[in-house]
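Visitor: After the structure tokens below, expect a handful of questions from me.
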Amino acid sequence: MTRQLDRKCKKAACTRPYLVCATRLLTLSVLATFGLILFYPRAIADKSTPSGVRFASKSGLSERVGGVSVADGQLVVAGTNKTFVPRGFTSVGVVYPTPYAHMLCSRHFRQSTAAESLREAQMAMTAGPERGWRYNGSLHGMIYNWDANIVRYQVSQGALDYEHAHRLTAYADMVRNVVAKARAAGLVVILAMQTGRYSCTPHEKDGELQRLPDLNTEHAWKYLLNPALTHDKGVILEVFNEPSTLKACNLGTLLHPDWRAWETGCGTEPQQGMLTVGKYLRSIAPENVLLFDGDGVNFGFRDFVVPRGMPSNSAFTFHPYSYVVRGNKAASIKAWNAQFGDFRNRGHALFVTEWNEAFKCKDPNQTITNYFILKYLPAHSIGMIGYGWDAPAHGSGYLVNSYDYPGNKANYQLVDPNASGCVDNGGRVLQQLFKDEGER
């Protein structure tokens, strides 16, 4: 510092004594720095949406992480022992196979209001930055309105398998580009392989949705993953969304799933099952955290024992839609413990990747919801990803105002109550949780 001041004084041809000159330069430097500190948060706070909603500076801007990993039964920031607690949303913004909709989706579905919403969500998620912002409106809303640190994208197995068979790339390229946008915005990303209705994945031979991962799932993963994804520890790979051995194999029950079938399939075809495909996924993605959904009620882990051969650096997830049991708090807590709390207490990395209150309007006073979201999950260090960020408008799960339609302008703010008919849909509680977590 003394040498720098000496050079500045000589360059300025100071005529006053050295000490006076040095003191003035040092004072000016401190004032300039202090002014920058004061100005910067104000500059961030002045950012506003097209609808005029202003946002304060959010913790998400300073919480960016290069990646995550699993250590000692916790999801942590890669290379550290700092716990990473997910808070964010599942997006359906890339699950609809727009390039191949005429080949994969029924005419009835293509013309539905749900498909219209999915196409609009895709346009919003693939858009470039809004004027004056660093991100598009959808990602901006996640970070500034909701303090999100993670986003989960459902991806279409049907579209990726179709591209694998025909050597096409339009859909995979779109997914990769959206992941790059989210990562540039500082969000951790989950890619979840989806075979449900919105993905237009071909049904099984019996006409039912595919309920366990198989060789087609492996093809889809292999075709999607490139070095940019497999070398980015900020991308988590969810092996298969919502497996069901009861529906796939007619084995086990909703309360007591057949965990052996969950691992290796129904025994009727090769390369089937969560563990089987999970091992394959680990072979082509050695650095990413792998995420495994449970089975049965809430896709939980009742009576589940981690099998031999489970890939290292793996975590687990569940979807507690049926979280209110008989309208009773004590009965609900007992069920939570059996389905996922006890499993978490045994030292396994576990968090929610889908939840809302829209499917179960049985908690009109919000007492069980408040306890579940604000007390039980934080006490167990279980992160929360809500469903959904851009779930089709006017349907269950519509927590966020993410669509333009007559009389409405999307502003990515809370929708509470939503179209499900619940007095309260829990969205406000979710937003409070994210705010509390973001300020810690």
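Labels for the structure tokens follow display order: chains A, B, ..., residues from 1 in each chain, ligands from 1.
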When DSSP works through the backbone of this structure, what residues of region 150-200 of chain A end up as helix (DSSP H, G or I), shown as a list in words?

Guide: Gln157, Gly158, Ala159, Leu160, Asp161, Tyr162, Glu163, His164, Ala165, His166, Ala170, Tyr171, Ala172, Asp173, Met174, Val175, Arg176, Asn177, Val178, Val179, Ala180, Lys181, Ala182, Arg183, Ala184, Arg197, Tyr198 and Ser199 of chain A

Visitor: Write out as CSV the residues of region 161-214 of chain A that have any atom within 9 Å of an atom of region 143-150 of chain A, one row each with the nearest atom pair and its distance in Å to one decimal, counting only C-alpha atoms, sorted by chain and then rising number.

Guide:
residue,atom,partner,partner_atom,distance
A:Ala182,CA,A:Ile150,CA,8.7
A:Ala185,CA,A:Ile143,CA,8.4
A:Gly186,CA,A:Asn149,CA,7.4
A:Leu187,CA,A:Ile150,CA,4.8
A:Val188,CA,A:Ile150,CA,4.5
A:Val189,CA,A:Ile150,CA,5.7
A:Ile190,CA,A:Ile150,CA,7.6

Visitor: Work out how far apart CA of Ser332 (chain A) and CA of Arg152 (chain A) are and give it in Å to one decimal.

Guide: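 Going from CA of Ser332 (chain A) over to CA of Arg152 (chain A), I get 26.7 Å.
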
Visitor: Write out as a ChimeraX atom specification each polymer residue whose atoms come within 9 Å of His219 (chain A), counting only C-alpha atoms; drop sequence neighbours fewer than 2 positions from it.

Guide: /A:157,160-161,164-165,214-217,221-224

Visitor: Could you list, as a list in words, every residue within 9 Å of Asp303 (chain A), counting only C-alpha atoms and ignoring same-chain residues fewer than 4 positions away?

Guide: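 Residues near the query, excluding close chain neighbours: His256, Pro257, Trp259, Ala338, Gln339 and Phe343 of chain A.
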
Visitor: Please measure the separation of CA of Lys233 (chain A) and CA of Gly67 (chain A), giving the value in Å to one decimal.

Guide: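 Distance between the two atoms: 4.2 Å.
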
Visitor: List the neighbours of Phe109 (chain A) out to 9 Å using only C-alpha atoms; skip same-chain residues closer than 4 positions along the sequence, and give me the result as a list in words.

Guide: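 In the requested format, the answer is Cys105, Thr113, Ala114, Ala115, Arg197, Tyr198 and Cys200 of chain A.
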
Visitor: Please provide as a ChimeraX atom specification all residues within 12 Å of Tyr162 (chain A), with the sequence filter that same-chain residues fewer than 3 positions apart are discarded (counting only C-alpha atoms).

Guide: /A:97,99-101,103-104,156-159,165-172,199-202,216-217,219-220,223-224
